[in-house]
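Structure first, then comments.
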Amino acid sequence: MEGTEAADCRGHWNIPDTPQVCDFVGNQDFVHILAISGSLRRTSANSALVGAVAHLAPDTVDVSIYGELAELPPFNPDVNDDAAPTAVVRFRAALTACDAVLIASPEYAHGVPGVLKNALDWVVASGELIDTPIALINTSARATHAWTSLVETLSVMSARVVLDASITSRSAAGWTQTASLPTPRSHRP
Ligand SMILES: Cc1cc2nc3c(=O)[nH]c(=O)nc-3n(C[C@H](O)[C@H](O)[C@H](O)COP(=O)(O)O)c2cc1C
């Protein structure tokens with residue numbers, strides 16, 4: 001990596017005139033990102049993308065991949081914080097420890113995958129996502145319903161969805177900017 005790039009969290013993801021993750025977090029020297037794929041599928045495109053992000057991140061950006069969506073029990077508001085299941089405690093701790101979150105998720109039946117929504121429900125009341133910058137990557141340009149729903153859910157949870165850091169990826173038909181949305185950025189890497 002170039003010396004100038006190592007000075008902050010910019011790196012080979014740097015796109016001219018594009019806000020970078022370090023523009024949205026307080027710590028400019030080192031950024032810890034928790035990356036979540038909303039898919040449990042073995043050959044998931046979203047999981048592959050999250051893995052690529054972790055692999056390509058510059059030295060000053062640490063990307064941890066959260067891999068326990070399937071371990072989280074169904075959300076139950078009756079469960080008090082002091083009795084929270086171990087997987088929930090670990091998920092909350094992982095969110096607390098990061099500076100920003102990256103979510104790449106498929107859409108199922110025009111909605112957010114149940115496992116991902118379930119995870120988010122576990123942290124509505126405990127508040128680990130409050131003020132957390134979140135980038136939403138859409139690996140399928142058609143999946144506008146789930147993307148919009150995630151923006152709404154995360155916004156009502158007082159997370160900071162960073163639209164400039166949110167992109168729509170290439171669809172089978174080519175590059176497609178999702179329509180009628182608070183525009184995710186669409187670009188060629
Ligand atoms: C049960 C089911 C429902 C789906 N519903 C939608 C949908 O409503 N809209 C859409 O764009 N894609 C839909 N898809 C396609 C997936 O979102 C798409 O294949 C996605 O890329 C899968 O992500 P993954 O490779 O990370 O698992 C659906 C797939 C499945 C299995």
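By order of appearance in the structure tokens: chains A, B, ..., then residues from 1 within every chain, and ligands from 1 in the order shown.
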Kindly work out which residues sit at most 7 Å from ligand 1, using only C-alpha atoms and all ligand atoms, and give the list as number ranges by chain. A: 38-41, 43-47, 105-111, 139-140, 142-143
Please, what distance in Å, to one decimal, runs between atom CA of Leu163 of chain A and atom CA of Ala35 of chain A?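 Result for atom CA of Leu163 of chain A versus atom CA of Ala35 of chain A: 16.4 Å, one decimal.
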For Ser155 of chain A, please output as an NGL selection string all residues within 10 Å (counting only C-alpha atoms; exclusion window: fewer than 5 positions along the same chain). :A and (129-131 or 134 or 149-150 or 160-161)
Write to file, as a PDB file, in the first residue's frame, the residues of the selection just made, with N, CA and C atoms.
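Okay, part-v1.pdb is ready:
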ATOM      1  N   LEU A 129     -26.745  -0.163  17.962  1.00  0.00           N
ATOM      2  CA  LEU A 129     -26.577   0.456  16.639  1.00  0.00           C
ATOM      3  C   LEU A 129     -26.844   1.957  16.641  1.00  0.00           C
ATOM      4  N   ILE A 130     -27.195   2.500  17.778  1.00  0.00           N
ATOM      5  CA  ILE A 130     -27.486   3.938  17.827  1.00  0.00           C
ATOM      6  C   ILE A 130     -26.238   4.720  17.417  1.00  0.00           C
ATOM      7  N   ASP A 131     -26.405   5.595  16.438  1.00  0.00           N
ATOM      8  CA  ASP A 131     -25.333   6.455  15.897  1.00  0.00           C
ATOM      9  C   ASP A 131     -24.247   5.689  15.147  1.00  0.00           C
ATOM     10  N   ILE A 134     -23.583   2.948   9.021  1.00  0.00           N
ATOM     11  CA  ILE A 134     -23.849   1.667   8.367  1.00  0.00           C
ATOM     12  C   ILE A 134     -23.883   1.856   6.852  1.00  0.00           C
ATOM     13  N   SER A 149     -36.369  -1.307   2.959  1.00  0.00           N
ATOM     14  CA  SER A 149     -36.836  -1.743   4.275  1.00  0.00           C
ATOM     15  C   SER A 149     -35.708  -1.681   5.304  1.00  0.00           C
ATOM     16  N   LEU A 150     -34.503  -2.071   4.884  1.00  0.00           N
ATOM     17  CA  LEU A 150     -33.360  -1.998   5.807  1.00  0.00           C
ATOM     18  C   LEU A 150     -33.061  -0.546   6.185  1.00  0.00           C
ATOM     19  N   ARG A 160     -26.959   5.301  11.656  1.00  0.00           N
ATOM     20  CA  ARG A 160     -26.697   6.303  10.619  1.00  0.00           C
ATOM     21  C   ARG A 160     -26.402   5.594   9.309  1.00  0.00           C
ATOM     22  N   VAL A 161     -27.428   5.412   8.499  1.00  0.00           N
ATOM     23  CA  VAL A 161     -27.198   4.791   7.195  1.00  0.00           C
ATOM     24  C   VAL A 161     -26.475   5.800   6.304  1.00  0.00           C
TER      25      VAL A 161
END
Which residues of segment 112-150 of chain A come within 10 Å of segment 65-86 of chain A, and what is each one's closest atom pair and distance in Å (one decimal), counting only C-alpha atoms, sorted by chain and residue number, as CSV?
residue,atom,partner,partner_atom,distance
A:Gly114,CA,A:Pro74,CA,9.5
A:Val115,CA,A:Leu69,CA,6.2
A:Leu116,CA,A:Leu69,CA,6.9
A:Lys117,CA,A:Phe75,CA,9.4
A:Asn118,CA,A:Phe75,CA,5.9
A:Ala119,CA,A:Leu69,CA,6.7
A:Leu120,CA,A:Phe75,CA,9.1
A:Asp121,CA,A:Phe75,CA,6.4
A:Trp122,CA,A:Phe75,CA,5.9
A:Val123,CA,A:Phe75,CA,9.6
A:Val124,CA,A:Pro77,CA,10.0
A:Ala125,CA,A:Pro77,CA,8.9
A:Ser126,CA,A:Asp81,CA,7.7
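Nearest to Pro113 of chain A of all the residues A:Ala146, A:Ala159, A:Leu56, A:Val101 is A:Ala146, counting only C-alpha atoms.
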Can you list, as a ChimeraX atom specification, every residue of segment 23-172 of chain A that DSSP puts in alpha helix (DSSP H)? /A:45-56,86-97,114-122,144-156
Residues within 12 Å of Val63 of chain A, please, as a ChimeraX atom specification. Count only C-alpha atoms; anything in the same chain fewer than 5 positions from it doesn't count. /A:9,21,30-36,50-58,94,97-103
Kindly give the distance, in Å, that separates atom CA of Pro133 of chain A and atom CA of Thr60 of chain A, rounded to a single decimal.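 Between atom CA of Pro133 of chain A and atom CA of Thr60 of chain A the gap works out to 17.2 Å.
The list of residues with at least one atom within 7 Å of Ile137 of chain A, based on only C-alpha atoms and without residues fewer than 4 positions apart in the same chain, reads Ile103, Ala104, Ser166, Ile167 and Thr168 of chain A.
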